[in-house]
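protein-v4.txt, holding compact mmCIF, C-alpha atoms and all ligand atoms:
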# COMPACT_ATOMS: atom_id res chain seq x y z
CA MET A 1454 109.36 118.96 100.18
CA SER A 1455 108.13 118.08 103.68
CA GLU A 1456 110.57 117.68 106.56
CA ASP A 1457 109.22 114.11 106.87
CA HIS A 1458 111.11 113.20 103.73
CA GLN A 1459 114.17 112.92 105.99
CA THR A 1460 112.47 110.93 108.76
CA GLN A 1461 112.42 107.15 108.56
CA TRP A 1462 109.39 105.83 110.47
CA ASP A 1463 109.14 102.24 111.65
CA VAL A 1464 105.42 102.24 110.86
CA ALA A 1465 103.04 104.61 109.05
CA VAL A 1466 99.34 104.06 109.69
CA VAL A 1467 96.80 105.29 107.11
CA GLY A 1468 93.62 106.32 108.93
CA GLY A 1469 93.09 107.80 112.39
CA GLY A 1470 89.82 106.10 113.38
CA VAL A 1471 89.58 103.71 116.33
CA ILE A 1472 91.38 100.98 114.38
CA GLY A 1473 94.36 103.05 113.21
CA CYS A 1474 94.83 104.84 116.55
CA SER A 1475 94.56 101.68 118.66
CA ILE A 1476 97.18 99.90 116.56
CA ALA A 1477 99.47 102.94 116.61
CA TRP A 1478 99.14 103.15 120.40
CA ARG A 1479 100.12 99.51 120.88
CA LEU A 1480 103.07 99.83 118.49
CA ALA A 1481 104.38 102.94 120.25
CA GLN A 1482 104.05 101.08 123.57
CA GLY A 1483 106.22 98.41 121.93
CA GLY A 1484 108.94 100.99 121.30
CA LEU A 1485 108.39 101.75 117.59
CA ARG A 1486 108.44 105.14 115.88
CA VAL A 1487 104.92 105.49 114.51
CA ILE A 1488 103.10 108.12 112.44
CA VAL A 1489 99.34 108.17 111.77
CA LEU A 1490 97.91 110.15 108.86
CA ASP A 1491 94.29 111.10 108.41
CA LYS A 1492 92.76 112.97 105.49
CA SER A 1493 90.36 114.62 107.90
CA ASP A 1494 90.18 115.07 111.70
CA PHE A 1495 91.07 111.98 113.71
CA GLY A 1496 88.10 109.82 114.68
CA SER A 1497 85.64 111.84 112.61
CA GLU A 1498 84.25 109.12 110.31
CA ALA A 1499 82.63 105.74 111.16
CA SER A 1500 84.27 105.76 114.59
CA TYR A 1501 82.37 108.97 115.40
CA ALA A 1502 79.09 107.87 113.78
CA ALA A 1503 78.75 104.48 115.49
CA GLY A 1504 76.45 103.34 118.28
CA GLY A 1505 79.14 101.77 120.48
CA MET A 1506 77.37 98.46 121.08
CA LEU A 1507 79.63 95.55 122.02
CA ALA A 1508 77.11 92.94 121.05
CA PRO A 1509 78.47 89.74 119.50
CA LEU A 1510 75.61 87.56 120.77
CA SER A 1511 72.67 89.84 120.02
CA GLU A 1512 73.02 89.45 116.25
CA ALA A 1513 74.77 86.06 115.96
CA ASP A 1514 73.19 82.98 114.43
CA GLN A 1515 76.25 80.71 114.51
CA THR A 1516 79.70 80.25 115.96
CA GLY A 1517 82.80 80.42 113.78
CA ALA A 1518 86.05 82.36 113.42
CA PHE A 1519 84.31 85.74 113.23
CA PHE A 1520 82.05 85.06 116.21
CA ASP A 1521 85.08 83.87 118.21
CA LEU A 1522 87.01 87.04 117.31
CA CYS A 1523 84.09 89.23 118.45
CA VAL A 1524 83.69 87.34 121.73
CA ALA A 1525 87.45 87.48 122.36
CA SER A 1526 87.43 91.25 121.86
CA ARG A 1527 84.44 91.68 124.15
CA ALA A 1528 86.25 89.66 126.82
CA ILE A 1529 89.17 92.12 126.97
CA TYR A 1530 87.07 95.30 126.74
CA SER A 1531 86.78 96.17 130.42
CA ASP A 1532 90.58 95.97 130.86
CA PHE A 1533 90.99 97.98 127.67
CA ALA A 1534 88.65 100.70 129.01
CA ARG A 1535 90.57 100.80 132.30
CA GLU A 1536 93.91 101.07 130.51
CA LEU A 1537 92.57 103.89 128.32
CA LEU A 1538 91.38 105.76 131.40
CA GLU A 1539 94.82 105.45 132.97
CA SER A 1540 96.67 106.52 129.84
CA SER A 1541 94.40 109.29 128.56
CA ALA A 1542 92.28 110.32 131.58
CA ILE A 1543 89.22 109.83 129.32
CA ASP A 1544 86.43 107.57 130.59
CA ILE A 1545 84.90 105.77 127.58
CA GLU A 1546 81.72 105.01 129.57
CA TYR A 1547 81.93 101.23 129.44
CA ARG A 1548 78.46 100.11 130.58
CA THR A 1549 77.52 96.61 131.62
CA GLU A 1550 73.71 96.62 132.00
CA GLY A 1551 73.48 94.36 128.94
CA THR A 1552 71.24 94.19 125.90
CA LEU A 1553 67.54 93.34 125.56
CA TYR A 1554 66.28 91.98 122.23
CA LEU A 1555 62.52 92.39 121.96
CA SER A 1556 59.87 90.43 120.17
CA LEU A 1557 57.23 93.04 119.32
CA ARG A 1558 55.33 91.24 116.56
CA GLU A 1559 54.45 87.61 115.87
CA GLU A 1560 56.86 87.60 112.92
CA ASP A 1561 59.76 88.47 115.31
CA ASP A 1562 59.37 85.24 117.26
CA GLU A 1563 61.08 82.90 114.81
CA GLU A 1564 64.40 84.78 114.72
CA LEU A 1565 64.57 85.30 118.48
CA ASP A 1566 63.56 81.72 119.14
CA ARG A 1567 66.23 80.40 116.77
CA ARG A 1568 68.88 82.58 118.47
CA TRP A 1569 67.76 81.44 121.90
CA GLN A 1570 67.83 77.74 120.89
CA TRP A 1571 71.36 77.60 119.51
CA GLN A 1572 72.93 80.00 121.99
CA GLN A 1573 71.64 78.31 125.12
CA ALA A 1574 72.46 74.88 123.63
CA THR A 1575 76.02 76.17 123.07
CA GLY A 1576 76.23 77.34 126.69
CA LEU A 1577 76.29 81.06 125.90
CA ASN A 1578 74.95 83.58 128.40
CA VAL A 1579 71.46 84.35 127.06
CA LYS A 1580 68.23 84.58 129.04
CA ARG A 1581 64.62 84.37 127.95
CA LEU A 1582 62.36 86.90 129.73
CA GLY A 1583 58.59 87.34 129.79
CA ALA A 1584 57.05 90.72 128.97
CA GLY A 1585 56.25 91.55 132.62
CA CYS A 1586 59.82 90.93 133.71
CA VAL A 1587 61.23 93.08 130.88
CA ARG A 1588 58.86 95.95 131.64
CA LYS A 1589 59.97 95.86 135.26
CA LEU A 1590 63.54 96.33 134.04
CA GLU A 1591 62.56 98.98 131.48
CA PRO A 1592 59.14 100.51 132.22
CA GLY A 1593 59.27 102.72 129.12
CA ILE A 1594 59.09 99.78 126.70
CA THR A 1595 55.85 99.34 124.73
CA THR A 1596 52.97 97.32 126.17
CA ALA A 1597 52.92 95.51 122.80
CA LEU A 1598 56.04 93.62 123.94
CA ARG A 1599 55.59 89.83 123.60
CA TRP A 1600 58.82 88.55 125.22
CA ALA A 1601 62.56 89.22 124.98
CA LEU A 1602 66.06 87.81 125.09
CA LYS A 1603 68.56 89.29 127.49
CA PHE A 1604 72.26 89.20 126.65
CA PRO A 1605 73.86 90.16 129.98
CA ASP A 1606 77.41 90.26 128.55
CA ASP A 1607 76.63 92.37 125.45
CA HIS A 1608 77.79 95.75 126.76
CA GLN A 1609 78.38 99.22 125.31
CA VAL A 1610 80.84 102.12 125.23
CA ASN A 1611 80.63 105.72 124.08
CA ASN A 1612 82.44 105.40 120.75
CA ARG A 1613 83.16 109.13 120.43
CA LEU A 1614 84.95 109.06 123.76
CA LEU A 1615 86.70 105.84 122.68
CA ALA A 1616 88.07 107.58 119.57
CA ALA A 1617 89.20 110.55 121.67
CA ALA A 1618 90.84 108.32 124.30
CA LEU A 1619 92.70 106.30 121.67
CA PHE A 1620 93.95 109.44 119.93
CA GLU A 1621 95.14 110.86 123.24
CA SER A 1622 96.75 107.60 124.37
CA ALA A 1623 98.56 107.25 121.04
CA ARG A 1624 99.76 110.84 121.16
CA LEU A 1625 100.97 110.57 124.76
CA SER A 1626 102.83 107.36 123.90
CA GLY A 1627 104.83 109.26 121.30
CA VAL A 1628 102.83 108.58 118.13
CA GLU A 1629 103.14 111.39 115.58
CA THR A 1630 99.63 112.40 114.46
CA ARG A 1631 98.96 114.22 111.18
CA PRO A 1632 95.36 115.29 110.56
CA HIS A 1633 94.30 116.73 107.18
CA THR A 1634 96.98 114.73 105.39
CA GLU A 1635 95.57 112.57 102.64
CA VAL A 1636 97.51 109.52 101.51
CA HIS A 1637 97.46 109.31 97.71
CA GLN A 1638 99.70 106.35 96.98
CA LEU A 1639 101.74 103.56 98.56
CA LEU A 1640 105.40 103.55 97.55
CA THR A 1641 107.26 100.29 97.03
CA GLU A 1642 110.57 99.05 95.65
CA SER A 1643 111.69 95.72 94.30
CA VAL A 1644 114.48 93.99 96.23
CA ALA A 1645 115.75 90.64 94.90
CA GLY A 1646 112.52 90.09 92.97
CA LYS A 1647 110.24 90.83 95.96
CA GLU A 1648 108.30 94.06 96.46
CA ARG A 1649 108.55 95.88 99.77
CA VAL A 1650 107.06 99.12 101.06
CA THR A 1651 109.18 102.26 101.29
CA GLY A 1652 106.61 104.89 102.23
CA LEU A 1653 103.64 106.98 101.19
CA LYS A 1654 102.91 109.86 98.86
CA THR A 1655 100.59 112.28 100.70
CA SER A 1656 98.96 115.67 100.14
CA ARG A 1657 101.76 117.10 102.33
CA GLY A 1658 104.77 115.34 100.85
CA LEU A 1659 106.47 111.98 101.18
CA ILE A 1660 106.53 109.80 104.29
CA LEU A 1661 109.25 107.15 104.51
CA ALA A 1662 108.36 104.03 106.49
CA ASP A 1663 109.40 100.38 106.74
CA ARG A 1664 105.84 99.17 107.32
CA LEU A 1665 102.45 100.53 106.29
CA ILE A 1666 99.13 99.73 107.91
CA ILE A 1667 95.95 100.35 105.93
CA ALA A 1668 93.25 101.35 108.43
CA ALA A 1669 91.39 103.77 106.20
CA GLY A 1670 87.90 102.38 106.82
CA SER A 1671 85.54 102.71 103.85
CA TRP A 1672 88.29 104.39 101.80
CA SER A 1673 90.79 101.56 102.19
CA SER A 1674 90.49 100.36 98.57
CA GLN A 1675 91.55 103.80 97.38
CA VAL A 1676 94.88 103.58 99.20
CA THR A 1677 96.73 101.00 97.19
CA SER A 1678 99.59 100.14 94.89
CA SER A 1679 99.36 98.46 91.50
CA THR A 1680 101.32 95.45 92.81
CA ALA A 1681 99.30 94.92 96.01
CA SER A 1682 96.51 92.34 96.34
CA THR A 1683 93.03 93.51 95.38
CA LEU A 1684 91.24 95.01 98.35
CA GLU A 1685 87.50 95.53 97.93
CA VAL A 1686 85.97 97.60 100.72
CA LEU A 1687 82.74 99.50 100.06
CA PRO A 1688 80.87 102.05 102.21
CA VAL A 1689 77.49 101.14 103.73
CA ARG A 1690 75.67 104.18 105.09
CA GLY A 1691 74.07 104.16 108.52
CA GLN A 1692 71.92 107.08 109.69
CA MET A 1693 71.34 107.87 113.38
CA VAL A 1694 69.09 110.12 115.48
CA ALA A 1695 69.74 111.33 119.05
CA PHE A 1696 67.05 112.49 121.49
CA GLU A 1697 67.04 114.23 124.82
CA MET A 1698 66.51 111.52 127.43
CA PRO A 1699 63.08 111.12 129.03
CA VAL A 1700 62.49 111.58 132.75
CA GLN A 1701 62.40 107.80 133.05
CA PRO A 1702 65.67 106.80 131.44
CA LEU A 1703 66.60 103.53 129.75
CA SER A 1704 69.45 101.53 131.20
CA HIS A 1705 69.88 98.65 128.72
CA VAL A 1706 70.67 98.75 125.02
CA ILE A 1707 67.34 97.80 123.40
CA TYR A 1708 67.13 95.96 120.07
CA SER A 1709 64.24 94.97 117.88
CA ARG A 1710 64.59 93.36 114.44
CA ARG A 1711 64.00 96.82 112.94
CA GLY A 1712 65.99 99.22 115.10
CA TYR A 1713 67.75 99.91 118.36
CA LEU A 1714 67.92 102.42 121.22
CA ILE A 1715 71.15 103.14 123.11
CA PRO A 1716 71.14 105.16 126.34
CA ARG A 1717 74.15 107.38 126.99
CA ASN A 1718 75.51 108.66 130.32
CA SER A 1719 75.08 112.23 129.10
CA GLY A 1720 71.30 111.84 129.25
CA CYS A 1721 70.53 111.25 125.59
CA VAL A 1722 69.31 108.18 123.76
CA ILE A 1723 70.54 107.24 120.28
CA ALA A 1724 68.28 105.50 117.77
CA GLY A 1725 69.54 103.66 114.70
CA SER A 1726 70.01 102.79 112.01
CA THR A 1727 69.79 102.33 108.26
CA THR A 1728 71.84 100.02 106.01
CA GLU A 1729 72.23 101.69 102.62
CA ARG A 1730 74.58 101.40 99.66
CA THR A 1731 74.77 105.03 98.56
CA GLY A 1732 78.49 105.29 97.81
CA PHE A 1733 80.37 107.92 99.82
CA ASN A 1734 77.22 110.00 100.36
CA LYS A 1735 76.78 110.79 104.08
CA SER A 1736 73.50 112.73 103.77
CA VAL A 1737 70.81 112.31 106.40
CA THR A 1738 67.59 111.69 104.47
CA ALA A 1739 63.91 112.18 105.29
CA GLY A 1740 63.22 108.51 104.54
CA GLY A 1741 66.09 107.31 106.72
CA VAL A 1742 65.06 109.44 109.68
CA ALA A 1743 61.38 108.48 109.23
CA ASP A 1744 62.23 104.77 109.40
CA ILE A 1745 64.44 105.22 112.47
CA LEU A 1746 61.76 107.28 114.25
CA ASN A 1747 59.04 104.72 113.50
CA HIS A 1748 61.15 101.89 114.87
CA ALA A 1749 62.16 103.89 117.95
CA ILE A 1750 58.53 104.78 118.68
CA GLU A 1751 57.54 101.14 118.21
CA ILE A 1752 60.05 100.16 120.94
CA MET A 1753 59.36 103.07 123.31
CA PRO A 1754 56.16 105.02 122.49
CA SER A 1755 57.20 108.02 124.63
CA THR A 1756 59.98 108.68 122.08
CA ARG A 1757 57.25 110.54 120.16
CA GLU A 1758 57.46 113.36 122.73
CA LEU A 1759 61.25 113.65 122.83
CA ALA A 1760 63.25 116.50 121.36
CA ILE A 1761 65.65 115.47 118.56
CA THR A 1762 69.08 116.86 119.38
CA GLU A 1763 71.22 115.52 116.55
CA THR A 1764 71.09 113.50 113.34
CA TRP A 1765 74.07 112.13 111.45
CA ALA A 1766 75.25 109.42 109.09
CA GLY A 1767 78.44 107.40 108.78
CA LEU A 1768 79.98 104.86 106.43
CA ARG A 1769 80.56 101.29 107.61
CA PRO A 1770 83.52 99.70 105.82
CA HIS A 1771 82.20 96.49 104.20
CA ALA A 1772 84.03 93.71 102.36
CA HIS A 1773 82.06 91.38 100.07
CA ASP A 1774 81.52 88.73 102.77
CA GLY A 1775 81.13 91.13 105.70
CA LEU A 1776 84.33 89.94 107.41
CA PRO A 1777 87.24 92.19 108.37
CA VAL A 1778 90.49 92.12 106.41
CA LEU A 1779 93.37 91.61 108.85
CA GLY A 1780 97.00 90.72 108.23
CA LYS A 1781 99.88 90.91 105.79
CA ASP A 1782 99.73 91.45 102.06
CA PRO A 1783 101.21 88.32 100.44
CA GLN A 1784 102.74 90.28 97.54
CA ILE A 1785 104.37 93.23 99.33
CA ASP A 1786 106.61 92.97 102.37
CA GLY A 1787 105.68 95.43 105.11
CA LEU A 1788 102.11 96.07 103.92
CA ILE A 1789 99.44 95.17 106.50
CA TYR A 1790 95.64 95.50 106.46
CA ALA A 1791 93.35 96.30 109.38
CA THR A 1792 90.07 97.25 107.77
CA ALA A 1793 86.51 96.28 106.73
CA HIS A 1794 85.20 95.94 110.29
CA TYR A 1795 81.71 96.77 108.99
CA ARG A 1796 79.16 96.77 111.86
CA ASN A 1797 81.60 95.66 114.56
CA GLY A 1798 84.63 97.93 114.44
CA ILE A 1799 84.05 99.41 117.89
CA LEU A 1800 83.66 95.93 119.36
CA LEU A 1801 86.70 94.62 117.47
CA THR A 1802 89.08 97.48 118.32
CA PRO A 1803 90.95 95.85 121.25
CA ILE A 1804 91.47 92.50 119.54
CA THR A 1805 92.48 94.12 116.23
CA ALA A 1806 95.04 96.28 118.03
CA ARG A 1807 96.41 93.21 119.78
CA ALA A 1808 96.54 91.04 116.65
CA ILE A 1809 98.12 93.63 114.36
CA SER A 1810 100.63 94.91 116.91
CA GLU A 1811 101.77 91.32 117.59
CA LEU A 1812 102.16 90.80 113.85
CA VAL A 1813 104.41 93.85 113.58
CA LEU A 1814 106.33 93.50 116.85
CA GLU A 1815 106.72 89.71 116.96
CA GLY A 1816 106.26 88.72 113.31
CA ASP A 1817 103.19 86.62 114.11
CA SER A 1818 99.89 86.95 115.94
CA SER A 1819 98.55 84.85 118.82
CA ILE A 1820 95.17 85.10 117.05
CA ASN A 1821 94.59 83.01 113.91
CA LEU A 1822 94.14 85.64 111.23
CA SER A 1823 93.92 83.28 108.23
CA PRO A 1824 90.07 83.47 108.04
CA PHE A 1825 90.47 87.25 107.64
CA SER A 1826 93.46 87.38 105.29
CA ILE A 1827 93.30 89.34 102.08
CA SER A 1828 94.32 86.19 100.16
CA ARG A 1829 91.11 84.45 101.19
CA ARG A 1830 89.29 87.43 99.79
CA THR A 1831 91.16 87.55 96.50
CA LEU A 1832 90.62 83.82 96.04
CA ARG A 1833 86.91 84.09 96.75
CA LEU A 1834 86.52 87.09 94.47
CA ALA A 1835 88.30 85.20 91.71
CA GLU A 1836 86.00 82.20 92.20
CA HIS A 1837 82.78 84.17 91.59
C1 LIG A 1901 75.73 104.22 112.00
C2 LIG A 1901 76.79 103.28 112.45
C3 LIG A 1901 76.61 102.53 113.61
C4 LIG A 1901 77.61 101.66 114.05
N1 LIG A 1901 77.43 101.02 115.24
C5 LIG A 1901 78.40 100.19 115.71
C6 LIG A 1901 78.25 99.56 116.97
O1 LIG A 1901 77.28 99.78 117.67
N2 LIG A 1901 79.25 98.72 117.37
C7 LIG A 1901 80.36 98.48 116.62
O2 LIG A 1901 81.20 97.68 117.04
N3 LIG A 1901 80.53 99.09 115.42
C8 LIG A 1901 79.58 99.93 114.95
N4 LIG A 1901 79.73 100.55 113.74
C9 LIG A 1901 80.90 100.21 112.91
C10 LIG A 1901 82.13 100.99 113.34
O3 LIG A 1901 81.81 102.35 113.47
C11 LIG A 1901 83.25 100.82 112.30
O4 LIG A 1901 83.43 99.45 111.98
C12 LIG A 1901 84.57 101.36 112.85
O5 LIG A 1901 84.40 102.68 113.31
C13 LIG A 1901 85.65 101.34 111.77
O6 LIG A 1901 86.76 102.05 112.29
P1 LIG A 1901 87.94 102.48 111.32
O7 LIG A 1901 88.95 103.15 112.16
O8 LIG A 1901 88.35 101.30 110.50
O9 LIG A 1901 87.23 103.46 110.28
P2 LIG A 1901 86.92 105.03 110.36
O10 LIG A 1901 86.47 105.44 111.69
O11 LIG A 1901 86.03 105.34 109.20
O12 LIG A 1901 88.35 105.67 110.14
C14 LIG A 1901 89.02 105.61 108.91
C15 LIG A 1901 89.84 106.88 108.81
O13 LIG A 1901 90.65 106.81 107.64
C16 LIG A 1901 90.75 108.11 107.13
N5 LIG A 1901 91.16 108.02 105.72
C17 LIG A 1901 90.46 107.47 104.71
N6 LIG A 1901 91.16 107.57 103.56
C18 LIG A 1901 92.32 108.18 103.85
C19 LIG A 1901 93.45 108.58 103.09
N7 LIG A 1901 93.54 108.35 101.77
N8 LIG A 1901 94.48 109.21 103.72
C20 LIG A 1901 94.43 109.46 105.05
N9 LIG A 1901 93.37 109.11 105.82
C21 LIG A 1901 92.33 108.47 105.23
C22 LIG A 1901 89.36 108.71 107.33
O14 LIG A 1901 89.38 110.13 107.32
C23 LIG A 1901 88.97 108.12 108.67
O15 LIG A 1901 89.21 109.00 109.76
C24 LIG A 1901 78.78 101.47 113.28
C25 LIG A 1901 78.98 102.23 112.14
C26 LIG A 1901 78.01 103.13 111.73
C27 LIG A 1901 78.26 103.98 110.51
Hey, can you dump this file as structure tokens for me?
Ligand SMILES: Cc1cc2nc3c(=O)[nH]c(=O)nc-3n(C[C@H](O)[C@H](O)[C@H](O)COP(=O)(O)OP(=O)(O)OC[C@H]3O[C@@H](n4cnc5c(N)ncnc54)[C@H](O)[C@@H]3O)c2cc1C
Amino acid sequence: MSEDHQTQWDVAVVGGGVIGCSIAWRLAQGGLRVIVLDKSDFGSEASYAAGGMLAPLSEADQTGAFFDLCVASRAIYSDFARELLESSAIDIEYRTEGTLYLSLREEDDEELDRRWQWQQATGLNVKRLGAGCVRKLEPGITTALRWALKFPDDHQVNNRLLAAALFESARLSGVETRPHTEVHQLLTESVAGKERVTGLKTSRGLILADRLIIAAGSWSSQVTSSTASTLEVLPVRGQMVAFEMPVQPLSHVIYSRRGYLIPRNSGCVIAGSTTERTGFNKSVTAGGVADILNHAIEIMPSTRELAITETWAGLRPHAHDGLPVLGKDPQIDGLIYATAHYRNGILLTPITARAISELVLEGDSSINLSPFSISRRTLRLAEH
């Protein structure tokens, strides 16, 4: 029996990616006794594999609750980065050059034009640039460029440093961190006809806790209880390739409809990505890399000459409608979800940490979480 069997935690968090660690950090700052468990090393899954783009406008075709959540998170990112630097001494390389979205073929025009029309009509910060102007900003971009959109406020961070900074901040705030501890089952009891959480069964014994937060990314559906609401989160693989940076470096994040390039402070550029339903398989494939390379070369022809320094793949946690699942389980007291952030988990980290910590510390959140509740998901699943 583990020594933890005797310890009563206020909160146990399942999953030590950016979502689990950021919530744990905020809860420890609020004075709670918090433990985070990860089946592997902390921050070694999607949070490690990501690109780190904070780009709500670049891919958005409409406003709505999800768009608002993304924009709200982006708005607090620079303060979040500063606070992380103060608490962990790790600089997450928050960069503000912005994002360029290129039209490289005639067929690209329609999507970019549509995005430009609604975003500038809504008063969002988007600019339309001619090819000459873009190539002055980024001389390495292909001469086949037709025109581009610039999203000055769509920034980026180094997600690997973000994961490290959150882990360190959580640890220094008093959070107990347990790597290589797999959660097998949620434990509950029935009190006056209502279920409530009591703890977790793990590969290293029992953990007793008053509240449980499911932040297990693509594996979240596997961490459940027979009485909890149905949580459907599936993995979507994304492959990535990193190159040694050219003499003439990029400064912006560069998108096309088929791929993207992200410059890093370290002097490398990251190219992505694929979107594949291959279960929990994280292989890097010849086809995946070939597609990424073709799209990278289309954007910046000199990529052809660059040395590949790393390839990897990660699993984006995806719910059936692509929205995150945030908030309380309606059936079980003390059970809270913070998962299914899909393509935007790095962007959504600060706002998720704020929303979920408010829910735990104050009983309610200043952010309306009803569009992201698990009940909306169960209802929709039942409807189809
Ligand atoms: C290729 C790629 C590119 C991306 N690019 C971006 C981007 O540019 N911008 C952006 O905002 N987002 C991006 N994302 C999405 C982002 O990475 C994710 O949404 C985010 O990292 C999710 O964080 P998480 O903490 O929920 O999940 P994860 O980082 O996957 O962490 C979940 C953790 O739970 C642990 N775990 C699972 N099951 C158990 C268990 N039973 N017991 C204990 N621990 C368990 C895992 O080991 C893991 O460490 C990208 C993702 C990928 C794959």
- Task: Kindly give the distance, in Å, that separates CA of Ser1819 (chain A) and CA of Arg1807 (chain A), rounded to a single decimal.
- Result: 8.7 Å
Give me the chain A side of the contact with ligand LIG 1901 (chain A), cut-off 7 Å, one line per residue showing its nearest atom pair and distance in Å at one decimal, counting all atoms listed in the file, sorted by chain and residue number, as a Markdown table.
| residue | atom | partner | partner_atom | distance |
| --- | --- | --- | --- | --- |
| A:Val1467 | CA | A:LIG1901 | C20 | 5.2 |
| A:Gly1468 | CA | A:LIG1901 | O13 | 3.3 |
| A:Gly1469 | CA | A:LIG1901 | O15 | 4.8 |
| A:Gly1470 | CA | A:LIG1901 | O7 | 3.3 |
| A:Val1471 | CA | A:LIG1901 | O7 | 4.3 |
| A:Ile1472 | CA | A:LIG1901 | O7 | 3.9 |
| A:Gly1473 | CA | A:LIG1901 | O7 | 5.5 |
| A:Leu1490 | CA | A:LIG1901 | C20 | 5.2 |
| A:Asp1491 | CA | A:LIG1901 | N9 | 3.4 |
| A:Lys1492 | CA | A:LIG1901 | C20 | 3.9 |
| A:Ser1493 | CA | A:LIG1901 | O14 | 4.6 |
| A:Asp1494 | CA | A:LIG1901 | O15 | 6.4 |
| A:Phe1495 | CA | A:LIG1901 | O15 | 5.3 |
| A:Gly1496 | CA | A:LIG1901 | O15 | 5.1 |
| A:Ser1497 | CA | A:LIG1901 | O15 | 5.4 |
| A:Glu1498 | CA | A:LIG1901 | O11 | 4.3 |
| A:Ala1499 | CA | A:LIG1901 | O10 | 3.9 |
| A:Ser1500 | CA | A:LIG1901 | O5 | 3.3 |
| A:Tyr1501 | CA | A:LIG1901 | O10 | 6.6 |
| A:Ala1502 | CA | A:LIG1901 | C27 | 5.1 |
| A:Ala1503 | CA | A:LIG1901 | C4 | 3.4 |
| A:Gly1504 | CA | A:LIG1901 | O1 | 3.7 |
| A:Gly1505 | CA | A:LIG1901 | O1 | 3.9 |
| A:Met1506 | CA | A:LIG1901 | O1 | 3.7 |
| A:Leu1507 | CA | A:LIG1901 | O2 | 5.6 |
| A:Thr1634 | CA | A:LIG1901 | C20 | 5.9 |
| A:Glu1635 | CA | A:LIG1901 | N8 | 3.7 |
| A:Val1636 | CA | A:LIG1901 | N8 | 3.8 |
| A:His1637 | CA | A:LIG1901 | N7 | 5.7 |
| A:Ala1668 | CA | A:LIG1901 | O8 | 5.3 |
| A:Ala1669 | CA | A:LIG1901 | O13 | 3.4 |
| A:Gly1670 | CA | A:LIG1901 | O9 | 3.7 |
| A:Ser1671 | CA | A:LIG1901 | O11 | 6.0 |
| A:Trp1672 | CA | A:LIG1901 | N6 | 4.6 |
| A:Ser1673 | CA | A:LIG1901 | N6 | 6.2 |
| A:Gln1675 | CA | A:LIG1901 | N7 | 6.6 |
| A:Val1676 | CA | A:LIG1901 | N7 | 5.6 |
| A:Arg1690 | CA | A:LIG1901 | C27 | 6.0 |
| A:Gly1691 | CA | A:LIG1901 | C1 | 3.9 |
| A:Gln1692 | CA | A:LIG1901 | C1 | 5.3 |
| A:Met1693 | CA | A:LIG1901 | C1 | 5.9 |
| A:Gly1725 | CA | A:LIG1901 | C1 | 6.8 |
| A:Ser1726 | CA | A:LIG1901 | C1 | 5.9 |
| A:Ala1766 | CA | A:LIG1901 | C1 | 6.0 |
| A:Gly1767 | CA | A:LIG1901 | C27 | 3.8 |
| A:Leu1768 | CA | A:LIG1901 | C27 | 4.5 |
| A:Arg1769 | CA | A:LIG1901 | C27 | 4.6 |
| A:Pro1770 | CA | A:LIG1901 | O4 | 6.2 |
| A:Thr1792 | CA | A:LIG1901 | O8 | 5.2 |
| A:Ala1793 | CA | A:LIG1901 | O8 | 6.5 |
| A:His1794 | CA | A:LIG1901 | O4 | 4.3 |
| A:Tyr1795 | CA | A:LIG1901 | O4 | 4.4 |
| A:Arg1796 | CA | A:LIG1901 | C9 | 4.0 |
| A:Asn1797 | CA | A:LIG1901 | O2 | 3.2 |
| A:Gly1798 | CA | A:LIG1901 | O4 | 3.1 |
| A:Ile1799 | CA | A:LIG1901 | O2 | 3.4 |
| A:Leu1800 | CA | A:LIG1901 | O2 | 3.8 |
| A:Leu1801 | CA | A:LIG1901 | O2 | 6.3 |
Given only C-alpha atoms, how would the per-residue table for region 1623-1687 of chain A near region 1532-1551 of chain A read, listing every residue at most 12 Å away with its closest atom pair and distance in Å to one decimal, sorted by chain and number, as a tab-separated table?
residue	atom	partner	partner_atom	distance
A:Ala1623	CA	A:Ser1541	CA	8.8
A:Arg1624	CA	A:Ser1541	CA	9.3
A:Leu1625	CA	A:Ser1541	CA	7.7
A:Ser1626	CA	A:Ser1540	CA	8.6
- Query: If you count only C-alpha atoms, which residues fall within 7 Å of region 1822-1826 of chain A, apart from same-chain ones fewer than 3 positions away, as a PyMOL selection string?
  - Reply: chain A and resi 1518+1776-1780+1829-1830
Save out the residues we just selected, C-alpha atoms, as a compact mmCIF listing (two decimals), in the coordinates of the input.
# COMPACT_ATOMS: atom_id res chain seq x y z
CA ALA A 1518 86.05 82.36 113.42
CA LEU A 1776 84.33 89.94 107.41
CA PRO A 1777 87.24 92.19 108.37
CA VAL A 1778 90.49 92.12 106.41
CA LEU A 1779 93.37 91.61 108.85
CA GLY A 1780 97.00 90.72 108.23
CA ARG A 1829 91.11 84.45 101.19
CA ARG A 1830 89.29 87.43 99.79
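Between Val1487 (chain A) and the residues A:Gly1517, A:Gly1627, A:Gly1593, A:Gly1585, the shortest atom-to-atom distance, using only C-alpha atoms, involves A:Gly1627.
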- Work out how far CA of Leu1590 (chain A) is from CA of Ile1723 (chain A), in Å to one decimal.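 Taking CA of Ile1723 (chain A) as the start and CA of Leu1590 (chain A) as the end point, the length is 18.9 Å.
From CA of Pro1702 (chain A) back to CA of Arg1717 (chain A), the distance works out to 9.6 Å.
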- Task: Find the spatial neighbours of Arg1581 (chain A), counting all atoms listed in the file, within a cut-off of 7 Å - ignore same-chain residues fewer than 4 positions away - and output them as an MDAnalysis selection string.
- Result: chainID A and resid 1601:1603
